[in-house]
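Content type mmCIF, C-alpha atoms and all ligand atoms, from the file input-v4.cif:
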data_my_file
#
loop_
_atom_site.label_atom_id
_atom_site.label_comp_id
_atom_site.auth_asym_id
_atom_site.auth_seq_id
_atom_site.Cartn_x
_atom_site.Cartn_y
_atom_site.Cartn_z
CA MET B 1 -27.97 -9.26 6.41
CA THR B 2 -28.64 -9.63 10.13
CA ILE B 3 -32.09 -9.70 11.71
CA GLU B 4 -32.45 -8.60 15.33
CA ILE B 5 -35.73 -9.42 17.06
CA VAL B 6 -36.81 -6.76 19.58
CA ARG B 7 -39.50 -7.44 22.15
CA CYS B 8 -41.75 -4.46 22.78
CA LEU B 9 -44.77 -3.68 24.98
CA GLN B 10 -46.55 -6.79 26.33
CA ASP B 11 -46.18 -9.21 23.45
CA ASN B 12 -45.11 -7.31 20.32
CA TYR B 13 -42.12 -8.05 18.14
CA ALA B 14 -40.27 -5.37 16.18
CA TYR B 15 -37.43 -6.27 13.82
CA LEU B 16 -34.18 -4.59 12.90
CA VAL B 17 -32.78 -5.65 9.52
CA HIS B 18 -29.12 -4.65 9.21
CA ASP B 19 -27.03 -4.81 6.06
CA PRO B 20 -23.33 -4.87 7.00
CA ALA B 21 -22.35 -4.10 3.38
CA THR B 22 -24.10 -0.72 3.37
CA GLY B 23 -24.28 -0.10 7.13
CA GLU B 24 -28.01 0.58 6.76
CA THR B 25 -30.62 -0.60 9.22
CA THR B 26 -34.36 -0.92 8.64
CA LEU B 27 -36.93 -1.23 11.41
CA ILE B 28 -40.09 -3.23 10.69
CA ASP B 29 -42.85 -1.66 12.84
CA ALA B 30 -42.43 0.64 15.81
CA PRO B 31 -44.38 -0.49 18.87
CA GLU B 32 -42.16 1.09 21.54
CA ALA B 33 -39.12 3.36 21.30
CA ALA B 34 -37.03 2.43 24.36
CA PRO B 35 -36.26 -1.24 23.57
CA ILE B 36 -35.61 -0.41 19.90
CA LEU B 37 -33.22 2.43 20.77
CA ALA B 38 -31.52 0.17 23.32
CA ALA B 39 -31.01 -2.57 20.70
CA LEU B 40 -29.60 -0.07 18.16
CA ASN B 41 -27.25 1.27 20.80
CA ARG B 42 -26.10 -2.17 21.92
CA LEU B 43 -25.46 -3.30 18.34
CA GLY B 44 -23.87 -0.02 17.24
CA TRP B 45 -26.37 0.37 14.39
CA SER B 46 -27.97 3.62 13.27
CA LEU B 47 -31.54 3.57 12.03
CA SER B 48 -31.98 4.40 8.34
CA ARG B 49 -35.66 3.64 7.72
CA ILE B 50 -38.89 2.48 9.30
CA TYR B 51 -41.26 0.22 7.35
CA ILE B 52 -44.87 0.12 8.56
CA THR B 53 -47.10 -2.96 8.11
CA HIS B 54 -50.40 -1.43 9.26
CA HIS B 55 -51.95 1.47 11.13
CA HIS B 56 -52.62 -0.07 14.58
CA ASN B 57 -51.04 1.91 17.37
CA ASP B 58 -49.00 -1.02 18.69
CA HIS B 59 -47.17 -0.98 15.31
CA ILE B 60 -46.76 2.78 14.73
CA GLY B 61 -46.88 4.35 18.21
CA ALA B 62 -43.12 4.91 18.47
CA VAL B 63 -42.61 6.31 14.96
CA PRO B 64 -42.54 10.02 15.99
CA GLU B 65 -40.03 9.48 18.81
CA LEU B 66 -37.79 7.28 16.66
CA VAL B 67 -37.84 9.78 13.78
CA GLU B 68 -36.98 12.59 16.18
CA LYS B 69 -34.12 10.68 17.80
CA THR B 70 -32.63 8.92 14.75
CA GLY B 71 -33.71 10.87 11.65
CA ALA B 72 -34.99 7.61 10.08
CA LYS B 73 -37.17 7.89 6.96
CA VAL B 74 -40.69 6.48 7.21
CA TYR B 75 -42.18 4.12 4.59
CA GLY B 76 -45.83 3.10 4.53
CA ALA B 77 -48.64 2.11 2.21
CA GLU B 78 -49.95 4.91 0.02
CA ALA B 79 -53.48 3.53 0.36
CA ASP B 80 -53.33 3.81 4.15
CA ALA B 81 -51.39 7.10 4.33
CA PRO B 82 -54.23 9.11 5.94
CA ARG B 83 -54.11 6.93 9.04
CA LEU B 84 -50.33 6.46 9.23
CA PRO B 85 -47.73 8.84 10.66
CA PRO B 86 -46.34 11.30 8.07
CA LEU B 87 -44.59 9.26 5.35
CA ASP B 88 -41.33 10.16 3.63
CA HIS B 89 -42.03 7.44 1.04
CA ALA B 90 -45.41 5.97 0.11
CA PHE B 91 -45.34 2.51 -1.49
CA ALA B 92 -47.81 0.13 -3.10
CA PRO B 93 -47.95 -3.68 -3.12
CA GLY B 94 -45.54 -5.00 -5.75
CA ASP B 95 -42.92 -2.32 -5.04
CA THR B 96 -39.38 -3.26 -4.06
CA LEU B 97 -37.94 -1.10 -1.29
CA PRO B 98 -34.36 -0.11 -0.47
CA GLY B 99 -32.62 -3.11 1.09
CA GLY B 100 -34.48 -5.52 -1.21
CA ALA B 101 -37.83 -5.89 0.57
CA GLU B 102 -40.78 -6.73 -1.68
CA VAL B 103 -44.12 -5.28 -0.54
CA LEU B 104 -46.88 -7.92 -0.49
CA HIS B 105 -50.54 -7.03 -0.22
CA ALA B 106 -51.80 -8.71 2.97
CA PRO B 107 -55.34 -7.52 3.81
CA GLY B 108 -57.55 -9.24 6.37
CA HIS B 109 -56.47 -7.99 9.81
CA THR B 110 -56.81 -4.48 8.34
CA ILE B 111 -57.63 -3.50 4.76
CA GLY B 112 -54.31 -1.73 4.21
CA HIS B 113 -52.06 -4.35 5.84
CA VAL B 114 -48.87 -5.22 3.95
CA ALA B 115 -46.05 -7.71 4.52
CA PHE B 116 -42.37 -7.35 3.65
CA HIS B 117 -40.61 -10.21 1.92
CA TYR B 118 -36.84 -10.41 1.64
CA PRO B 119 -36.29 -13.18 -0.94
CA ASP B 120 -32.50 -13.23 -0.47
CA ARG B 121 -32.92 -13.76 3.25
CA ALA B 122 -35.98 -16.07 2.97
CA ALA B 123 -37.74 -13.86 5.52
CA LEU B 124 -41.36 -12.72 5.52
CA PHE B 125 -42.32 -9.96 7.96
CA SER B 126 -46.02 -10.73 8.18
CA ALA B 127 -47.03 -8.72 11.30
CA ASP B 128 -50.70 -9.48 12.09
CA SER B 129 -51.59 -11.42 8.93
CA LEU B 130 -50.09 -14.93 9.01
CA MET B 131 -48.71 -15.49 12.52
CA THR B 132 -46.87 -18.27 14.33
CA HIS B 133 -49.42 -21.15 14.41
CA GLY B 134 -52.28 -18.75 13.64
CA CYS B 135 -53.40 -15.56 11.92
CA GLY B 136 -54.48 -12.09 13.00
CA ARG B 137 -58.02 -11.16 13.97
CA LEU B 138 -60.22 -9.86 11.13
CA PHE B 139 -60.81 -6.30 12.36
CA GLU B 140 -61.57 -4.85 8.93
CA GLY B 141 -61.16 -7.49 6.25
CA THR B 142 -63.10 -10.60 5.33
CA PRO B 143 -62.20 -14.27 5.71
CA ASP B 144 -61.80 -14.39 1.92
CA GLN B 145 -59.21 -11.61 2.03
CA MET B 146 -57.24 -13.42 4.74
CA PHE B 147 -57.51 -16.65 2.74
CA ASP B 148 -56.04 -14.93 -0.34
CA THR B 149 -53.31 -13.31 1.75
CA ILE B 150 -52.27 -16.65 3.22
CA GLU B 151 -52.45 -18.34 -0.20
CA ARG B 152 -50.12 -15.64 -1.55
CA PHE B 153 -47.63 -16.40 1.21
CA ASN B 154 -48.02 -20.12 0.68
CA GLN B 155 -46.41 -19.73 -2.77
CA LEU B 156 -43.13 -18.62 -1.14
CA PRO B 157 -40.27 -21.11 -0.71
CA ASP B 158 -40.61 -23.76 2.03
CA GLN B 159 -37.77 -22.39 4.12
CA THR B 160 -39.21 -18.86 4.29
CA ARG B 161 -39.25 -17.72 7.91
CA ILE B 162 -42.50 -16.18 9.13
CA LEU B 163 -41.65 -13.24 11.39
CA SER B 164 -44.91 -11.97 12.84
CA GLY B 165 -45.90 -9.03 15.00
CA HIS B 166 -46.76 -10.75 18.27
CA ASP B 167 -45.75 -13.56 20.57
CA TYR B 168 -49.00 -15.51 20.52
CA ALA B 169 -47.42 -18.88 19.76
CA THR B 170 -48.46 -20.70 22.94
CA ALA B 171 -52.11 -19.65 22.79
CA ASN B 172 -52.21 -20.21 19.04
CA LEU B 173 -50.73 -23.69 19.35
CA ALA B 174 -53.27 -24.68 22.02
CA PHE B 175 -56.01 -23.59 19.63
CA ALA B 176 -54.34 -25.20 16.58
CA ALA B 177 -54.22 -28.52 18.43
CA LYS B 178 -58.00 -28.81 17.96
CA TYR B 179 -57.73 -28.80 14.16
CA ALA B 180 -55.92 -32.04 13.30
CA PRO B 181 -52.33 -30.78 13.15
CA ASP B 182 -49.52 -33.18 12.30
CA PRO B 183 -49.15 -35.12 15.59
CA ASP B 184 -45.36 -35.36 15.54
CA ALA B 185 -44.91 -31.68 14.72
CA LEU B 186 -47.42 -30.78 17.45
CA ALA B 187 -45.66 -32.88 20.10
CA ALA B 188 -42.27 -31.43 19.16
CA ARG B 189 -43.50 -27.84 19.34
CA GLN B 190 -45.43 -28.44 22.59
CA ALA B 191 -42.14 -29.60 24.09
CA GLU B 192 -40.15 -26.72 22.60
CA LEU B 193 -42.29 -23.70 23.54
CA PRO B 194 -41.85 -23.97 27.35
CA VAL B 195 -38.08 -24.25 26.82
CA LEU B 196 -38.09 -21.08 24.71
CA ALA B 197 -40.19 -19.30 27.36
CA GLU B 198 -37.86 -20.35 30.16
CA LYS B 199 -34.87 -18.94 28.26
CA ASN B 200 -36.87 -15.85 27.21
CA LEU B 201 -36.18 -16.68 23.56
CA PRO B 202 -38.52 -15.53 20.77
CA THR B 203 -41.15 -17.89 19.39
CA THR B 204 -41.36 -16.13 16.03
CA GLY B 205 -39.45 -17.18 12.92
CA THR B 206 -40.87 -20.63 12.20
CA THR B 207 -40.64 -21.74 8.56
CA LEU B 208 -43.50 -21.91 6.11
CA GLU B 209 -42.78 -25.64 5.84
CA SER B 210 -43.26 -26.17 9.57
CA GLU B 211 -46.35 -23.92 9.67
CA ARG B 212 -47.94 -26.12 7.01
CA LEU B 213 -47.89 -28.95 9.58
CA LEU B 214 -49.35 -26.95 12.48
CA ASN B 215 -51.10 -23.78 11.39
CA PRO B 216 -54.78 -24.54 10.70
CA TYR B 217 -55.08 -21.53 8.38
CA LEU B 218 -52.52 -23.14 6.05
CA ARG B 219 -54.33 -26.51 6.25
CA CYS B 220 -57.89 -25.52 5.34
CA HIS B 221 -57.84 -27.72 2.23
CA LEU B 222 -57.40 -30.93 4.28
CA PRO B 223 -60.52 -33.07 4.92
CA GLU B 224 -59.56 -33.79 8.53
CA VAL B 225 -59.23 -30.05 9.24
CA ALA B 226 -62.63 -29.34 7.61
CA LYS B 227 -64.15 -32.04 9.80
CA ALA B 228 -62.52 -30.68 12.97
CA ALA B 229 -63.81 -27.20 12.06
CA GLY B 230 -67.35 -28.53 11.88
CA VAL B 231 -67.69 -28.05 8.12
CA PRO B 232 -66.94 -31.51 6.68
CA GLY B 233 -66.76 -31.33 2.89
CA GLY B 234 -66.58 -27.51 3.05
CA SER B 235 -64.39 -25.48 0.73
CA ALA B 236 -61.01 -24.33 2.03
CA ARG B 237 -62.41 -20.79 2.22
CA ASP B 238 -65.36 -21.94 4.32
CA VAL B 239 -63.00 -23.84 6.59
CA LEU B 240 -60.82 -20.77 7.18
CA ALA B 241 -63.89 -18.66 7.95
CA ALA B 242 -65.18 -21.28 10.41
CA ILE B 243 -61.85 -21.63 12.23
CA ARG B 244 -61.36 -17.88 12.49
CA ARG B 245 -64.90 -17.46 13.84
CA GLN B 246 -64.28 -20.17 16.44
CA LYS B 247 -61.05 -18.43 17.49
CA ASP B 248 -62.88 -15.11 17.89
CA ASN B 249 -65.38 -16.84 20.18
CA ALA B 250 -62.82 -18.95 22.04
ZN ZN N 301 -52.77 -5.00 14.41
#
Go ahead and express the file in the form of structure tokens.
Amino acid sequence: MTIEIVRCLQDNYAYLVHDPATGETTLIDAPEAAPILAALNRLGWSLSRIYITHHHNDHIGAVPELVEKTGAKVYGAEADAPRLPPLDHAFAPGDTLPGGAEVLHAPGHTIGHVAFHYPDRAALFSADSLMTHGCGRLFEGTPDQMFDTIERFNQLPDQTRILSGHDYATANLAFAAKYAPDPDALAARQAELPVLAEKNLPTTGTTLESERLLNPYLRCHLPEVAKAAGVPGGSARDVLAAIRRQKDNA
């Protein structure tokens, strides 16, 4: 299985997941048609399906054009169907989709947000839930929901790659630096990000293991993080809520 990362719009990532054995290709989220069609053309892949993580326009805006031009089938959450483009297949958390993706419930950013986990590929397409060095804004859900979502992901194997919906790594790392990250991991990543930017390489795809050293939302149980968040002795849930609130006001 090959994963192609496609930059879209200002700072979105879409993903093409290609299975050479079957020749099938799945798109995870559809922010913008042109770069996705260009990538398919360059790679010689035809689009079989589109999986939708959540209803925001920068994740579904290109679905109609892509369906028209490729004939791809659209998969989205049954619970969110009224605010998604027309679905060919409605799924629910716990389902396994063609190509082997497991649907994980991931509310917080929106109520209906899902993530797609490919266990064989150790890849988690998390969109705007858990992100590189951060997490998505709580537009609809509660801090408790985001806490449970991130805890669910935290049970996955250490080497699981977190493939999120946006390139926010630099801003997220600057914010994460205030919450007692592992100093060596922080220094290494601070050195790496400008190099990636210079080469126009993606920042997404860090492992769960490395996020546990840097991402404050995976470190809410640590006393030093609680202290940095201004809630010393607070529960991990309180710490997540405090950090997310501080990010919203940053
Ligand atoms: Zn969103």
Within 10 Å of Pro119 in chain B using only C-alpha atoms, minus same-chain residues under 3 positions, as a VMD selection string: chain B and resid 100 to 102 116 122 to 124 156 to 157 160
If you take only C-alpha atoms and all ligand atoms and a cut-off of 12 Å, which residues of chain B touch ligand ZN 301 (chain N), and what are their nearest atom pairs and distances in Å to one decimal, in chain and number order, as a Markdown table?
| residue | atom | partner | partner_atom | distance |
| --- | --- | --- | --- | --- |
| B:Asp11 | CA | N:ZN301 | ZN | 12.0 |
| B:Asn12 | CA | N:ZN301 | ZN | 9.9 |
| B:Tyr13 | CA | N:ZN301 | ZN | 11.7 |
| B:Asp29 | CA | N:ZN301 | ZN | 10.6 |
| B:Ala30 | CA | N:ZN301 | ZN | 11.9 |
| B:Pro31 | CA | N:ZN301 | ZN | 10.5 |
| B:Ile52 | CA | N:ZN301 | ZN | 11.1 |
| B:Thr53 | CA | N:ZN301 | ZN | 8.7 |
| B:His54 | CA | N:ZN301 | ZN | 6.7 |
| B:His55 | CA | N:ZN301 | ZN | 7.3 |
| B:His56 | CA | N:ZN301 | ZN | 4.9 |
| B:Asn57 | CA | N:ZN301 | ZN | 7.7 |
| B:Asp58 | CA | N:ZN301 | ZN | 7.0 |
| B:His59 | CA | N:ZN301 | ZN | 7.0 |
| B:Ile60 | CA | N:ZN301 | ZN | 9.8 |
| B:Gly61 | CA | N:ZN301 | ZN | 11.7 |
| B:Pro107 | CA | N:ZN301 | ZN | 11.2 |
| B:Gly108 | CA | N:ZN301 | ZN | 10.3 |
| B:His109 | CA | N:ZN301 | ZN | 6.6 |
| B:Thr110 | CA | N:ZN301 | ZN | 7.3 |
| B:Ile111 | CA | N:ZN301 | ZN | 10.9 |
| B:Gly112 | CA | N:ZN301 | ZN | 10.8 |
| B:His113 | CA | N:ZN301 | ZN | 8.6 |
| B:Val114 | CA | N:ZN301 | ZN | 11.2 |
| B:Ser126 | CA | N:ZN301 | ZN | 10.8 |
| B:Ala127 | CA | N:ZN301 | ZN | 7.5 |
| B:Asp128 | CA | N:ZN301 | ZN | 5.5 |
| B:Ser129 | CA | N:ZN301 | ZN | 8.5 |
| B:Leu130 | CA | N:ZN301 | ZN | 11.6 |
| B:Met131 | CA | N:ZN301 | ZN | 11.4 |
| B:Cys135 | CA | N:ZN301 | ZN | 10.9 |
| B:Gly136 | CA | N:ZN301 | ZN | 7.4 |
| B:Arg137 | CA | N:ZN301 | ZN | 8.1 |
| B:Leu138 | CA | N:ZN301 | ZN | 9.5 |
| B:Phe139 | CA | N:ZN301 | ZN | 8.4 |
| B:Glu140 | CA | N:ZN301 | ZN | 10.4 |
| B:Gly141 | CA | N:ZN301 | ZN | 12.0 |
| B:Ser164 | CA | N:ZN301 | ZN | 10.6 |
| B:Gly165 | CA | N:ZN301 | ZN | 8.0 |
| B:His166 | CA | N:ZN301 | ZN | 9.2 |
Long-range neighbours of range 225-234 of chain B as a PyMOL selection string, 6 Å cut-off, only C-alpha atoms, 5 positions minimum in chain: chain B and resi 179-180+239+243
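Atom to atom, CA of Asn41 in chain B and CA of Pro202 in chain B stand 20.2 Å apart.
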Who sits within 9 Å of Arg212 in chain B, all atoms listed in the file, same chain under 6 positions skipped, as a PDB file with C-alpha atoms, in the frame of the given file:
ATOM      1  CA  ASN B 154     -48.020 -20.120   0.680  1.00  0.00           C
ATOM      2  CA  PRO B 181     -52.330 -30.780  13.150  1.00  0.00           C
ATOM      3  CA  ASP B 182     -49.520 -33.180  12.300  1.00  0.00           C
ATOM      4  CA  LEU B 218     -52.520 -23.140   6.050  1.00  0.00           C
ATOM      5  CA  ARG B 219     -54.330 -26.510   6.250  1.00  0.00           C
TER       6      ARG B 219
END
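Of the listed residues (B:Ile50, B:Ala191, B:Ala250, B:Leu43), B:Leu43 comes nearest to Pro20 in chain B; the distances count all atoms listed in the file.
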Selected residue, from B:Phe91, B:Ser46, B:Lys247, B:His18, that lies nearest to Lys69 in chain B when counting only C-alpha atoms: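 Once distances to Lys69 in chain B are computed over only C-alpha atoms, the minimum belongs to B:Ser46.
Atom pair CA of His133 in chain B / CA of Tyr118 in chain B has a distance of 20.9 Å (rounded to one decimal).
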Residues near Arg42 in chain B, cut-off 12 Å, all atoms listed in the file, skip fewer than 6 positions along chain, as a ChimeraX atom specification: /B:4,6,35-36
Store the residues of this selection in a file with C-alpha atoms, as an mmCIF file, keeping the file's coordinate frame.
data_model
loop_
_atom_site.group_PDB
_atom_site.id
_atom_site.type_symbol
_atom_site.label_atom_id
_atom_site.label_comp_id
_atom_site.auth_asym_id
_atom_site.auth_seq_id
_atom_site.Cartn_x
_atom_site.Cartn_y
_atom_site.Cartn_z
ATOM 1 C CA GLU B 4 -32.450 -8.600 15.330
ATOM 2 C CA VAL B 6 -36.810 -6.760 19.580
ATOM 3 C CA PRO B 35 -36.260 -1.240 23.570
ATOM 4 C CA ILE B 36 -35.610 -0.410 19.900
#
Pick from B:Leu47, B:Gly71, B:Ala92, B:Gly99 nearest to Ala21 in chain B, counting only C-alpha atoms: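 Nearest to Ala21 in chain B: B:Gly99.
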Around range 60-69 of chain B, with edges along x, y and z and 8 Å added on all six sides, what centre and edge lengths do you get, in Å to one decimal, as JSON?
{"center_x": -40.5, "center_y": 7.7, "center_z": 16.3, "size_x": 28.8, "size_y": 25.8, "size_z": 21.0}
Option closest in space to Thr142 in chain B, from B:Arg161, B:Lys199, B:Arg237, B:His89 [counting only C-alpha atoms]: B:Arg237
Separation of CA of Leu87 in chain B from CA of Ala14 in chain B, in Å and rounded to one decimal: 18.7 Å
Among the residues B:Leu240, B:Val17, B:Leu214, B:Val195, the one that comes closest to Asp144 in chain B [using only C-alpha atoms]: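 Counting only C-alpha atoms, the residue closest to Asp144 in chain B is B:Leu240.
When all atoms listed in the file are used to measure the gap to Thr207 in chain B, the shortest distance among B:Thr132, B:Gln10, B:Gln145, B:Ser235 belongs to B:Thr132.
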